[in-house]
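Structure below is target27.pdb: PDB, C-alpha atoms.
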ATOM      1  CA  MET A 180      63.636  74.490 -81.821  1.00  0.00           C
ATOM      2  CA  GLN A 181      63.985  71.040 -83.394  1.00  0.00           C
ATOM      3  CA  ARG A 182      67.481  69.560 -83.477  1.00  0.00           C
ATOM      4  CA  ARG A 183      68.265  68.184 -86.916  1.00  0.00           C
ATOM      5  CA  ILE A 184      71.430  66.127 -86.836  1.00  0.00           C
ATOM      6  CA  GLY A 185      73.092  65.671 -90.204  1.00  0.00           C
ATOM      7  CA  LEU A 186      74.841  62.301 -89.968  1.00  0.00           C
ATOM      8  CA  THR A 187      77.429  61.916 -92.683  1.00  0.00           C
ATOM      9  CA  GLY A 188      80.863  60.517 -93.511  1.00  0.00           C
ATOM     10  CA  GLY A 189      82.622  58.800 -96.360  1.00  0.00           C
ATOM     11  CA  ILE A 190      81.370  55.706 -98.099  1.00  0.00           C
ATOM     12  CA  ALA A 191      81.780  52.628 -95.844  1.00  0.00           C
ATOM     13  CA  SER A 192      82.840  54.782 -92.896  1.00  0.00           C
ATOM     14  CA  GLY A 193      80.164  53.348 -90.590  1.00  0.00           C
ATOM     15  CA  LYS A 194      77.241  55.764 -90.942  1.00  0.00           C
ATOM     16  CA  SER A 195      74.620  53.020 -90.918  1.00  0.00           C
ATOM     17  CA  THR A 196      76.033  51.544 -87.704  1.00  0.00           C
ATOM     18  CA  VAL A 197      75.914  54.927 -85.986  1.00  0.00           C
ATOM     19  CA  GLY A 198      72.471  55.564 -87.435  1.00  0.00           C
ATOM     20  CA  ALA A 199      71.225  52.302 -85.927  1.00  0.00           C
ATOM     21  CA  LEU A 200      72.605  53.348 -82.526  1.00  0.00           C
ATOM     22  CA  LEU A 201      70.793  56.680 -82.705  1.00  0.00           C
ATOM     23  CA  LEU A 202      67.583  54.986 -83.844  1.00  0.00           C
ATOM     24  CA  ALA A 203      67.851  52.591 -80.899  1.00  0.00           C
ATOM     25  CA  HIS A 204      68.227  55.650 -78.690  1.00  0.00           C
ATOM     26  CA  GLY A 205      64.749  56.661 -79.850  1.00  0.00           C
ATOM     27  CA  TRP A 206      65.618  59.355 -82.361  1.00  0.00           C
ATOM     28  CA  PRO A 207      63.778  59.238 -85.725  1.00  0.00           C
ATOM     29  CA  LEU A 208      66.143  58.475 -88.594  1.00  0.00           C
ATOM     30  CA  LEU A 209      65.679  59.617 -92.193  1.00  0.00           C
ATOM     31  CA  ASP A 210      67.965  57.842 -94.674  1.00  0.00           C
ATOM     32  CA  ALA A 211      68.925  59.510 -97.966  1.00  0.00           C
ATOM     33  CA  ASP A 212      70.086  56.181 -99.422  1.00  0.00           C
ATOM     34  CA  GLN A 213      66.678  54.662 -98.705  1.00  0.00           C
ATOM     35  CA  PHE A 214      64.953  57.585-100.435  1.00  0.00           C
ATOM     36  CA  ALA A 215      67.247  57.201-103.461  1.00  0.00           C
ATOM     37  CA  HIS A 216      66.507  53.469-103.493  1.00  0.00           C
ATOM     38  CA  GLU A 217      62.762  54.176-103.450  1.00  0.00           C
ATOM     39  CA  ALA A 218      63.144  56.586-106.371  1.00  0.00           C
ATOM     40  CA  LEU A 219      64.330  53.676-108.536  1.00  0.00           C
ATOM     41  CA  THR A 220      61.392  51.399-107.707  1.00  0.00           C
ATOM     42  CA  PRO A 221      60.501  49.385-110.842  1.00  0.00           C
ATOM     43  CA  GLY A 222      57.794  51.154-112.807  1.00  0.00           C
ATOM     44  CA  SER A 223      58.470  54.587-111.296  1.00  0.00           C
ATOM     45  CA  PRO A 224      59.026  57.573-113.636  1.00  0.00           C
ATOM     46  CA  THR A 225      62.581  57.936-112.292  1.00  0.00           C
ATOM     47  CA  SER A 226      63.396  54.291-112.933  1.00  0.00           C
ATOM     48  CA  ALA A 227      62.016  54.598-116.455  1.00  0.00           C
ATOM     49  CA  ALA A 228      64.128  57.706-117.096  1.00  0.00           C
ATOM     50  CA  VAL A 229      67.285  55.957-115.886  1.00  0.00           C
ATOM     51  CA  LEU A 230      66.604  52.875-118.027  1.00  0.00           C
ATOM     52  CA  ALA A 231      65.922  55.072-121.058  1.00  0.00           C
ATOM     53  CA  HIS A 232      69.153  56.994-120.524  1.00  0.00           C
ATOM     54  CA  PHE A 233      71.519  54.077-119.861  1.00  0.00           C
ATOM     55  CA  GLY A 234      69.803  51.421-121.972  1.00  0.00           C
ATOM     56  CA  ARG A 235      70.113  47.656-121.798  1.00  0.00           C
ATOM     57  CA  ASP A 236      73.421  47.737-119.943  1.00  0.00           C
ATOM     58  CA  ILE A 237      71.599  48.375-116.660  1.00  0.00           C
ATOM     59  CA  GLN A 238      68.498  46.215-117.134  1.00  0.00           C
ATOM     60  CA  ALA A 239      68.183  43.466-114.532  1.00  0.00           C
ATOM     61  CA  ALA A 240      68.361  39.994-116.067  1.00  0.00           C
ATOM     62  CA  GLY A 241      64.857  38.753-116.810  1.00  0.00           C
ATOM     63  CA  GLU A 242      63.326  41.984-115.460  1.00  0.00           C
ATOM     64  CA  PRO A 243      63.636  44.689-118.118  1.00  0.00           C
ATOM     65  CA  ALA A 244      61.746  47.245-115.975  1.00  0.00           C
ATOM     66  CA  ARG A 245      64.151  46.876-113.038  1.00  0.00           C
ATOM     67  CA  VAL A 246      67.454  48.738-112.729  1.00  0.00           C
ATOM     68  CA  ASN A 247      70.506  46.571-112.094  1.00  0.00           C
ATOM     69  CA  ARG A 248      72.052  48.767-109.420  1.00  0.00           C
ATOM     70  CA  ALA A 249      75.445  47.073-109.539  1.00  0.00           C
ATOM     71  CA  ALA A 250      75.697  47.713-113.282  1.00  0.00           C
ATOM     72  CA  LEU A 251      74.528  51.286-112.826  1.00  0.00           C
ATOM     73  CA  GLY A 252      77.166  51.809-110.132  1.00  0.00           C
ATOM     74  CA  ARG A 253      79.950  50.552-112.382  1.00  0.00           C
ATOM     75  CA  ILE A 254      78.966  53.107-115.024  1.00  0.00           C
ATOM     76  CA  VAL A 255      78.450  56.197-112.878  1.00  0.00           C
ATOM     77  CA  PHE A 256      81.520  55.696-110.707  1.00  0.00           C
ATOM     78  CA  SER A 257      83.739  55.448-113.774  1.00  0.00           C
ATOM     79  CA  ASP A 258      82.184  58.377-115.655  1.00  0.00           C
ATOM     80  CA  ALA A 259      81.787  61.721-113.858  1.00  0.00           C
ATOM     81  CA  ARG A 260      79.362  63.101-116.455  1.00  0.00           C
ATOM     82  CA  GLU A 261      77.025  60.153-116.110  1.00  0.00           C
ATOM     83  CA  ARG A 262      77.227  60.381-112.329  1.00  0.00           C
ATOM     84  CA  GLN A 263      76.319  64.067-112.505  1.00  0.00           C
ATOM     85  CA  TRP A 264      73.345  63.277-114.762  1.00  0.00           C
ATOM     86  CA  LEU A 265      72.070  60.707-112.276  1.00  0.00           C
ATOM     87  CA  GLU A 266      72.598  62.955-109.263  1.00  0.00           C
ATOM     88  CA  GLN A 267      70.730  65.825-110.912  1.00  0.00           C
ATOM     89  CA  LEU A 268      67.807  63.454-111.370  1.00  0.00           C
ATOM     90  CA  ILE A 269      67.859  61.815-107.925  1.00  0.00           C
ATOM     91  CA  HIS A 270      68.952  64.558-105.514  1.00  0.00           C
ATOM     92  CA  PRO A 271      65.845  66.791-105.902  1.00  0.00           C
ATOM     93  CA  LEU A 272      63.642  63.753-105.248  1.00  0.00           C
ATOM     94  CA  VAL A 273      65.612  62.887-102.117  1.00  0.00           C
ATOM     95  CA  ARG A 274      65.321  66.487-100.890  1.00  0.00           C
ATOM     96  CA  GLN A 275      61.570  66.368-101.515  1.00  0.00           C
ATOM     97  CA  ARG A 276      61.244  63.187 -99.440  1.00  0.00           C
ATOM     98  CA  PHE A 277      63.213  64.796 -96.603  1.00  0.00           C
ATOM     99  CA  ASP A 278      60.875  67.787 -96.635  1.00  0.00           C
ATOM    100  CA  GLN A 279      57.816  65.518 -96.561  1.00  0.00           C
ATOM    101  CA  CYS A 280      59.124  63.442 -93.653  1.00  0.00           C
ATOM    102  CA  LEU A 281      60.332  66.447 -91.660  1.00  0.00           C
ATOM    103  CA  SER A 282      56.887  67.992 -91.998  1.00  0.00           C
ATOM    104  CA  ARG A 283      55.359  64.887 -90.432  1.00  0.00           C
ATOM    105  CA  LEU A 284      57.999  64.862 -87.683  1.00  0.00           C
ATOM    106  CA  ASN A 285      57.723  68.542 -86.804  1.00  0.00           C
ATOM    107  CA  GLU A 286      56.869  67.737 -83.180  1.00  0.00           C
ATOM    108  CA  ALA A 287      59.905  65.484 -82.640  1.00  0.00           C
ATOM    109  CA  PRO A 288      62.585  67.219 -80.529  1.00  0.00           C
ATOM    110  CA  VAL A 289      65.420  65.490 -82.457  1.00  0.00           C
ATOM    111  CA  VAL A 290      65.574  64.038 -85.979  1.00  0.00           C
ATOM    112  CA  VAL A 291      68.619  62.374 -87.565  1.00  0.00           C
ATOM    113  CA  LEU A 292      69.198  62.949 -91.290  1.00  0.00           C
ATOM    114  CA  MET A 293      71.620  60.328 -92.592  1.00  0.00           C
ATOM    115  CA  VAL A 294      73.062  61.778 -95.810  1.00  0.00           C
ATOM    116  CA  PRO A 295      76.289  60.389 -97.316  1.00  0.00           C
ATOM    117  CA  LEU A 296      76.572  63.343 -99.732  1.00  0.00           C
ATOM    118  CA  LEU A 297      75.493  65.998 -97.228  1.00  0.00           C
ATOM    119  CA  PHE A 298      78.262  68.398 -98.259  1.00  0.00           C
ATOM    120  CA  GLU A 299      78.522  67.385-101.900  1.00  0.00           C
ATOM    121  CA  ALA A 300      74.775  67.823-102.495  1.00  0.00           C
ATOM    122  CA  ASN A 301      74.711  71.100-100.539  1.00  0.00           C
ATOM    123  CA  LEU A 302      72.118  69.872 -98.042  1.00  0.00           C
ATOM    124  CA  THR A 303      73.755  71.228 -94.879  1.00  0.00           C
ATOM    125  CA  ALA A 304      71.099  73.959 -94.535  1.00  0.00           C
ATOM    126  CA  MET A 305      68.617  71.270 -93.494  1.00  0.00           C
ATOM    127  CA  CYS A 306      70.676  70.532 -90.380  1.00  0.00           C
ATOM    128  CA  SER A 307      71.239  72.324 -87.096  1.00  0.00           C
ATOM    129  CA  GLU A 308      74.413  70.301 -86.429  1.00  0.00           C
ATOM    130  CA  ILE A 309      76.619  67.851 -88.307  1.00  0.00           C
ATOM    131  CA  TRP A 310      78.051  64.580 -86.985  1.00  0.00           C
ATOM    132  CA  LEU A 311      80.792  62.969 -89.061  1.00  0.00           C
ATOM    133  CA  VAL A 312      81.685  59.270 -88.910  1.00  0.00           C
ATOM    134  CA  ASP A 313      85.410  59.133 -89.532  1.00  0.00           C
ATOM    135  CA  CYS A 314      87.916  56.375 -90.320  1.00  0.00           C
ATOM    136  CA  GLU A 315      90.999  55.663 -92.435  1.00  0.00           C
ATOM    137  CA  GLU A 316      90.760  55.506 -96.215  1.00  0.00           C
ATOM    138  CA  GLN A 317      92.223  52.005 -96.276  1.00  0.00           C
ATOM    139  CA  GLN A 318      89.465  50.866 -93.895  1.00  0.00           C
ATOM    140  CA  GLN A 319      86.870  52.238 -96.287  1.00  0.00           C
ATOM    141  CA  ILE A 320      88.469  50.429 -99.214  1.00  0.00           C
ATOM    142  CA  GLN A 321      88.631  47.101 -97.367  1.00  0.00           C
ATOM    143  CA  ARG A 322      85.038  47.412 -96.141  1.00  0.00           C
ATOM    144  CA  LEU A 323      83.798  48.270 -99.625  1.00  0.00           C
ATOM    145  CA  MET A 324      85.629  45.338-101.172  1.00  0.00           C
ATOM    146  CA  ARG A 325      84.092  42.945 -98.629  1.00  0.00           C
ATOM    147  CA  ARG A 326      80.627  44.485 -98.591  1.00  0.00           C
ATOM    148  CA  SER A 327      80.066  44.952-102.300  1.00  0.00           C
ATOM    149  CA  SER A 328      82.489  42.452-103.851  1.00  0.00           C
ATOM    150  CA  LEU A 329      84.430  45.249-105.530  1.00  0.00           C
ATOM    151  CA  THR A 330      87.977  45.279-106.798  1.00  0.00           C
ATOM    152  CA  GLU A 331      90.377  47.661-105.100  1.00  0.00           C
ATOM    153  CA  GLN A 332      90.220  49.954-108.127  1.00  0.00           C
ATOM    154  CA  GLU A 333      86.404  50.021-108.071  1.00  0.00           C
ATOM    155  CA  ALA A 334      86.432  50.806-104.352  1.00  0.00           C
ATOM    156  CA  LYS A 335      88.872  53.674-104.901  1.00  0.00           C
ATOM    157  CA  GLN A 336      86.671  55.059-107.685  1.00  0.00           C
ATOM    158  CA  ARG A 337      83.767  55.278-105.247  1.00  0.00           C
ATOM    159  CA  LEU A 338      85.897  57.086-102.691  1.00  0.00           C
ATOM    160  CA  GLN A 339      87.115  59.545-105.315  1.00  0.00           C
ATOM    161  CA  ALA A 340      83.504  60.427-106.189  1.00  0.00           C
ATOM    162  CA  GLN A 341      83.073  61.984-102.726  1.00  0.00           C
ATOM    163  CA  TRP A 342      84.808  64.692-100.758  1.00  0.00           C
ATOM    164  CA  PRO A 343      87.750  63.280 -98.780  1.00  0.00           C
ATOM    165  CA  LEU A 344      87.080  62.826 -95.085  1.00  0.00           C
ATOM    166  CA  ALA A 345      89.831  65.348 -94.264  1.00  0.00           C
ATOM    167  CA  LYS A 346      87.756  68.055 -95.950  1.00  0.00           C
ATOM    168  CA  LYS A 347      84.566  66.965 -94.190  1.00  0.00           C
ATOM    169  CA  ARG A 348      86.242  66.981 -90.763  1.00  0.00           C
ATOM    170  CA  GLN A 349      86.764  70.738 -91.051  1.00  0.00           C
ATOM    171  CA  ARG A 350      83.012  71.288 -91.376  1.00  0.00           C
ATOM    172  CA  ALA A 351      81.680  68.864 -88.746  1.00  0.00           C
ATOM    173  CA  ASP A 352      80.421  69.805 -85.279  1.00  0.00           C
ATOM    174  CA  HIS A 353      81.176  66.354 -83.861  1.00  0.00           C
ATOM    175  CA  ILE A 354      83.556  63.679 -85.180  1.00  0.00           C
ATOM    176  CA  ILE A 355      82.927  60.012 -84.373  1.00  0.00           C
ATOM    177  CA  ASN A 356      86.072  57.912 -84.692  1.00  0.00           C
ATOM    178  CA  ASN A 357      85.257  54.539 -86.274  1.00  0.00           C
ATOM    179  CA  ARG A 358      88.807  53.206 -86.464  1.00  0.00           C
ATOM    180  CA  GLY A 359      88.293  50.786 -83.574  1.00  0.00           C
ATOM    181  CA  SER A 360      85.717  48.319 -82.271  1.00  0.00           C
ATOM    182  CA  LYS A 361      81.927  48.538 -82.272  1.00  0.00           C
ATOM    183  CA  ILE A 362      82.086  48.872 -78.491  1.00  0.00           C
ATOM    184  CA  ASP A 363      84.324  51.931 -78.839  1.00  0.00           C
ATOM    185  CA  LEU A 364      81.957  53.343 -81.437  1.00  0.00           C
ATOM    186  CA  SER A 365      78.924  52.825 -79.209  1.00  0.00           C
ATOM    187  CA  ARG A 366      80.659  54.516 -76.275  1.00  0.00           C
ATOM    188  CA  GLN A 367      81.558  57.529 -78.400  1.00  0.00           C
ATOM    189  CA  VAL A 368      77.990  57.916 -79.648  1.00  0.00           C
ATOM    190  CA  GLU A 369      76.643  57.742 -76.088  1.00  0.00           C
ATOM    191  CA  SER A 370      79.221  60.300 -74.976  1.00  0.00           C
ATOM    192  CA  ILE A 371      78.245  62.749 -77.713  1.00  0.00           C
ATOM    193  CA  ILE A 372      74.550  62.268 -76.938  1.00  0.00           C
ATOM    194  CA  LYS A 373      75.215  63.165 -73.279  1.00  0.00           C
ATOM    195  CA  GLN A 374      77.485  66.056 -74.230  1.00  0.00           C
ATOM    196  CA  THR A 375      74.978  67.604 -76.605  1.00  0.00           C
ATOM    197  CA  ARG A 376      72.182  67.242 -74.024  1.00  0.00           C
ATOM    198  CA  VAL A 377      74.236  69.381 -71.655  1.00  0.00           C
ATOM    199  CA  GLU A 378      74.956  71.925 -74.406  1.00  0.00           C
ATOM    200  CA  GLN A 379      71.252  72.217 -75.203  1.00  0.00           C
ATOM    201  CA  LYS A 380      70.344  73.123 -71.597  1.00  0.00           C
TER     202      LYS A 380
END

Would you kindly transcribe this structure into structure tokens?
Amino acid sequence: MQRRIGLTGGIASGKSTVGALLLAHGWPLLDADQFAHEALTPGSPTSAAVLAHFGRDIQAAGEPARVNRAALGRIVFSDARERQWLEQLIHPLVRQRFDQCLSRLNEAPVVVLMVPLLFEANLTAMCSEIWLVDCEEQQQIQRLMRRSSLTEQEAKQRLQAQWPLAKKRQRADHIINNRGSKIDLSRQVESIIKQTRVEQK
């Protein structure tokens, strides 16, 4: 039976870093954020629907057919109804892309599904096990502010749009502590890989 590892966590918790470690280990990685990004490719029906819904406020400067993702983020993370509208549009497309890719990878013994909103979007049924990348809320806020040039308030809004990590911890099979160094993180990932190999035998 194929192992499907649902890799999740909070925003800016370190999922991409762990995902890169698992990819380097040789495990195929499917990225929900990448699929969502592809859905908003300029000229796509989804991009057109988003531009029609939100109007000029999210048009990229000089490129009216391209979504300004930063502007879109400011709107949806400050308005729960608009965020829900966008998620109802994007999530089925992301699920469809997962199904397509998993069909092509049906011979792979292990596949990693990196899904930030794994619990929120009710996608846990796709996974045979769930790995959670965990850290402190203040670390998430600081990372978001540095990474995306957000104010502290904007960073907190993004955190509030997701389940708190404390709630996700209760539902995870393995918790990866990303409160320390990248070396510590790498060692933990390697340890869990070895541990789960033993469990599978």

How close does segment 319-349 of chain A get to segment 280-301 of chain A? List, as JSON lines, each residue of segment 319-349 of chain A within 10 Å, its nearest atom pair and the distance in Å to one decimal, counting all atoms listed in the file.
{"residue": "A:Ala340", "atom": "CA", "partner": "A:Glu299", "partner_atom": "CA", "distance": 9.6}
{"residue": "A:Gln341", "atom": "CA", "partner": "A:Glu299", "partner_atom": "CA", "distance": 7.1}
{"residue": "A:Trp342", "atom": "CA", "partner": "A:Glu299", "partner_atom": "CA", "distance": 6.9}
{"residue": "A:Lys346", "atom": "CA", "partner": "A:Phe298", "partner_atom": "CA", "distance": 9.8}
{"residue": "A:Lys347", "atom": "CA", "partner": "A:Phe298", "partner_atom": "CA", "distance": 7.6}

TODO: List the residues selected by the PyMOL selection byres ((chain A and resi 210) around 10) in the file shown, writing them as an MDAnalysis selection string.
DONE: chainID A and resid 186 195 198 207:209 211:216 273 276:277 291:295

Task: Residue nearest Ala259 of chain A - candidates A:Thr375, A:Gln339, A:Gln318, A:Ser370, atoms counted: all atoms listed in the file - done: A:Gln339

- [ ] Would you list the residues near (71.8, 47.6, -116.6), meaning any protein, DNA or RNA residue with an atom at most 10 Å from that point in file coordinates, counting all atoms listed in the file, as a ChimeraX atom specification?
- [x] /A:229-230,233-240,243,245-254

Task: Atom-to-atom span, atom CA of Trp206 of chain A and atom CA of Asp363 of chain A, Å - done: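 Computing the Euclidean distance for atom CA of Trp206 of chain A and atom CA of Asp363 of chain A yields 20.4 Å.
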
Open item on the list: Could you tell me, as a list in words, exactly which residues end up selected when the PyMOL selection byres ((chain A and resi 325-328) around 12) is applied to this structure?
Closed with: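 What the PyMOL selection byres ((chain A and resi 325-328) around 12) grabs from the file is Ile190, Ala191, Ser192, Gly193, Arg248, Ala249, Gly252, Arg253, Gln318, Gln319, Ile320, Gln321, Arg322, Leu323, Met324, Leu329, Thr330, Glu331, Gln332, Glu333, Ala334 and Arg337 of chain A.
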
- [ ] Go through A:Ile372, A:Ile354, A:Leu200, A:Leu338 and flag the residue nearest Phe256 of chain A, using only C-alpha atoms for the distances.
- [x]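 Closest to Phe256 of chain A, using only C-alpha atoms: A:Leu338.
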
TODO: Report the distance between atom CA of Asp278 of chain A and atom CA of Glu217 of chain A in Å, rounded to one decimal place.
DONE: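 Interatomic distance, atom CA of Asp278 of chain A to atom CA of Glu217 of chain A: 15.3 Å.
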
Open item on the list: I'd like the contact shell of Asn356 of chain A - 7 Å cut-off, all atoms listed in the file, skipping same-chain residues fewer than 6 positions apart - returned as a ChimeraX atom specification.
Closed with: /A:312-314,364

Need the axis-aligned box for segment 245-254 of chain A with 5 Å each side, so what are the centre and edges in Å to one decimal, as AutoDock Vina command-line options?
--center_x 72.1 --center_y 49.8 --center_z -112.2 --size_x 25.8 --size_y 16.5 --size_z 15.6

Task: Between atom CA of Ser307 of chain A and atom CA of Ala218 of chain A, distance in Å (one decimal) - done: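 Atom CA of Ala218 of chain A lies at a distance of 26.2 Å from atom CA of Ser307 of chain A.
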
TODO: Choose the residue, out of A:Met180, A:Leu202, A:Ala231, A:Leu302, that has the smallest atom-to-atom separation from Ala244 of chain A; count all atoms listed in the file.
DONE: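 Nearest candidate to Ala244 of chain A out of A:Met180, A:Leu202, A:Ala231, A:Leu302: A:Ala231.
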
Open item on the list: For a quick check of understanding, using only C-alpha atoms, which of A:Ile371, A:Gln275, A:Ser365, A:Leu311 has the smallest distance to Ala203 of chain A?
Closed with: A:Ser365

Task: Pick from A:Gln367, A:Asn357, A:Ser223, A:Ser257, whichever lies nearest to Gln336 of chain A using all atoms listed in the file - done: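 Distance minimum relative to Gln336 of chain A lands on A:Ser257.
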
- [ ] Would you mind telling me which residue in A:Ala227, A:Leu268, A:Ala304, A:Val197 lies nearest to Ile362 of chain A when using only C-alpha atoms?
- [x]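 Distance minimum relative to Ile362 of chain A lands on A:Val197.
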
If I only have part of segment 261-270 of chain A, can you fill in all heavy atoms and write it as a PDB file, in the coordinates of the input?
ATOM      1  N   GLU A 261      78.204  60.988-116.335  1.00  0.00           N
ATOM      2  CA  GLU A 261      77.025  60.153-116.110  1.00  0.00           C
ATOM      3  C   GLU A 261      76.592  60.200-114.647  1.00  0.00           C
ATOM      4  O   GLU A 261      75.393  60.188-114.342  1.00  0.00           O
ATOM      5  CB  GLU A 261      77.321  58.700-116.526  1.00  0.00           C
ATOM      6  CG  GLU A 261      77.581  58.509-118.006  1.00  0.00           C
ATOM      7  CD  GLU A 261      76.318  58.687-118.865  1.00  0.00           C
ATOM      8  OE1 GLU A 261      75.390  59.417-118.474  1.00  0.00           O
ATOM      9  OE2 GLU A 261      76.279  58.067-119.950  1.00  0.00           O
ATOM     10  N   ARG A 262      77.562  60.264-113.746  1.00  0.00           N
ATOM     11  CA  ARG A 262      77.227  60.381-112.329  1.00  0.00           C
ATOM     12  C   ARG A 262      76.502  61.695-112.065  1.00  0.00           C
ATOM     13  O   ARG A 262      75.517  61.735-111.317  1.00  0.00           O
ATOM     14  CB  ARG A 262      78.490  60.280-111.478  1.00  0.00           C
ATOM     15  CG  ARG A 262      78.190  60.263-109.984  1.00  0.00           C
ATOM     16  CD  ARG A 262      79.421  59.926-109.158  1.00  0.00           C
ATOM     17  NE  ARG A 262      80.465  60.917-109.232  1.00  0.00           N
ATOM     18  CZ  ARG A 262      81.598  60.777-109.909  1.00  0.00           C
ATOM     19  NH1 ARG A 262      81.856  59.679-110.565  1.00  0.00           N
ATOM     20  NH2 ARG A 262      82.504  61.751-109.921  1.00  0.00           N
ATOM     21  N   GLN A 263      76.971  62.772-112.684  1.00  0.00           N
ATOM     22  CA  GLN A 263      76.319  64.067-112.505  1.00  0.00           C
ATOM     23  C   GLN A 263      74.891  64.039-113.050  1.00  0.00           C
ATOM     24  O   GLN A 263      73.970  64.582-112.434  1.00  0.00           O
ATOM     25  CB  GLN A 263      77.122  65.159-113.214  1.00  0.00           C
ATOM     26  CG  GLN A 263      76.554  66.561-113.017  1.00  0.00           C
ATOM     27  CD  GLN A 263      77.380  67.617-113.722  1.00  0.00           C
ATOM     28  OE1 GLN A 263      77.907  67.388-114.821  1.00  0.00           O
ATOM     29  NE2 GLN A 263      77.513  68.772-113.108  1.00  0.00           N
ATOM     30  N   TRP A 264      74.704  63.378-114.202  1.00  0.00           N
ATOM     31  CA  TRP A 264      73.345  63.277-114.762  1.00  0.00           C
ATOM     32  C   TRP A 264      72.416  62.567-113.776  1.00  0.00           C
ATOM     33  O   TRP A 264      71.285  63.018-113.528  1.00  0.00           O
ATOM     34  CB  TRP A 264      73.386  62.488-116.086  1.00  0.00           C
ATOM     35  CG  TRP A 264      72.038  62.361-116.723  1.00  0.00           C
ATOM     36  CD1 TRP A 264      71.484  63.207-117.637  1.00  0.00           C
ATOM     37  CD2 TRP A 264      71.060  61.332-116.476  1.00  0.00           C
ATOM     38  NE1 TRP A 264      70.212  62.775-117.975  1.00  0.00           N
ATOM     39  CE2 TRP A 264      69.935  61.630-117.287  1.00  0.00           C
ATOM     40  CE3 TRP A 264      71.033  60.198-115.667  1.00  0.00           C
ATOM     41  CZ2 TRP A 264      68.785  60.837-117.299  1.00  0.00           C
ATOM     42  CZ3 TRP A 264      69.888  59.404-115.672  1.00  0.00           C
ATOM     43  CH2 TRP A 264      68.784  59.720-116.472  1.00  0.00           C
ATOM     44  N   LEU A 265      72.894  61.475-113.205  1.00  0.00           N
ATOM     45  CA  LEU A 265      72.070  60.707-112.276  1.00  0.00           C
ATOM     46  C   LEU A 265      71.787  61.504-111.009  1.00  0.00           C
ATOM     47  O   LEU A 265      70.643  61.509-110.513  1.00  0.00           O
ATOM     48  CB  LEU A 265      72.770  59.393-111.934  1.00  0.00           C
ATOM     49  CG  LEU A 265      71.987  58.435-111.033  1.00  0.00           C
ATOM     50  CD1 LEU A 265      70.728  57.937-111.742  1.00  0.00           C
ATOM     51  CD2 LEU A 265      72.863  57.251-110.620  1.00  0.00           C
ATOM     52  N   GLU A 266      72.789  62.177-110.483  1.00  0.00           N
ATOM     53  CA  GLU A 266      72.598  62.955-109.263  1.00  0.00           C
ATOM     54  C   GLU A 266      71.619  64.101-109.479  1.00  0.00           C
ATOM     55  O   GLU A 266      70.803  64.405-108.599  1.00  0.00           O
ATOM     56  CB  GLU A 266      73.945  63.492-108.775  1.00  0.00           C
ATOM     57  CG  GLU A 266      74.854  62.401-108.210  1.00  0.00           C
ATOM     58  CD  GLU A 266      76.229  62.902-107.825  1.00  0.00           C
ATOM     59  OE1 GLU A 266      76.569  64.048-108.199  1.00  0.00           O
ATOM     60  OE2 GLU A 266      76.969  62.158-107.155  1.00  0.00           O
ATOM     61  N   GLN A 267      71.668  64.732-110.631  1.00  0.00           N
ATOM     62  CA  GLN A 267      70.730  65.825-110.912  1.00  0.00           C
ATOM     63  C   GLN A 267      69.296  65.326-111.000  1.00  0.00           C
ATOM     64  O   GLN A 267      68.351  66.083-110.745  1.00  0.00           O
ATOM     65  CB  GLN A 267      71.128  66.535-112.210  1.00  0.00           C
ATOM     66  CG  GLN A 267      72.382  67.393-112.063  1.00  0.00           C
ATOM     67  CD  GLN A 267      72.842  68.004-113.370  1.00  0.00           C
ATOM     68  OE1 GLN A 267      72.424  67.592-114.463  1.00  0.00           O
ATOM     69  NE2 GLN A 267      73.707  68.996-113.288  1.00  0.00           N
ATOM     70  N   LEU A 268      69.134  64.059-111.327  1.00  0.00           N
ATOM     71  CA  LEU A 268      67.807  63.454-111.370  1.00  0.00           C
ATOM     72  C   LEU A 268      67.336  63.045-109.980  1.00  0.00           C
ATOM     73  O   LEU A 268      66.181  63.287-109.596  1.00  0.00           O
ATOM     74  CB  LEU A 268      67.826  62.229-112.291  1.00  0.00           C
ATOM     75  CG  LEU A 268      66.512  61.436-112.424  1.00  0.00           C
ATOM     76  CD1 LEU A 268      65.476  62.260-113.185  1.00  0.00           C
ATOM     77  CD2 LEU A 268      66.766  60.099-113.128  1.00  0.00           C
ATOM     78  N   ILE A 269      68.235  62.429-109.208  1.00  0.00           N
ATOM     79  CA  ILE A 269      67.859  61.815-107.925  1.00  0.00           C
ATOM     80  C   ILE A 269      67.853  62.801-106.762  1.00  0.00           C
ATOM     81  O   ILE A 269      66.954  62.757-105.909  1.00  0.00           O
ATOM     82  CB  ILE A 269      68.806  60.641-107.597  1.00  0.00           C
ATOM     83  CG1 ILE A 269      68.714  59.543-108.676  1.00  0.00           C
ATOM     84  CG2 ILE A 269      68.494  60.067-106.216  1.00  0.00           C
ATOM     85  CD1 ILE A 269      67.405  58.802-108.697  1.00  0.00           C
ATOM     86  N   HIS A 270      68.813  63.696-106.688  1.00  0.00           N
ATOM     87  CA  HIS A 270      68.952  64.558-105.514  1.00  0.00           C
ATOM     88  C   HIS A 270      67.711  65.408-105.217  1.00  0.00           C
ATOM     89  O   HIS A 270      67.301  65.499-104.046  1.00  0.00           O
ATOM     90  CB  HIS A 270      70.181  65.452-105.645  1.00  0.00           C
ATOM     91  CG  HIS A 270      71.469  64.720-105.419  1.00  0.00           C
ATOM     92  ND1 HIS A 270      72.711  65.318-105.538  1.00  0.00           N
ATOM     93  CD2 HIS A 270      71.719  63.431-105.072  1.00  0.00           C
ATOM     94  CE1 HIS A 270      73.655  64.432-105.278  1.00  0.00           C
ATOM     95  NE2 HIS A 270      73.073  63.275-105.008  1.00  0.00           N
TER      96      HIS A 270
END
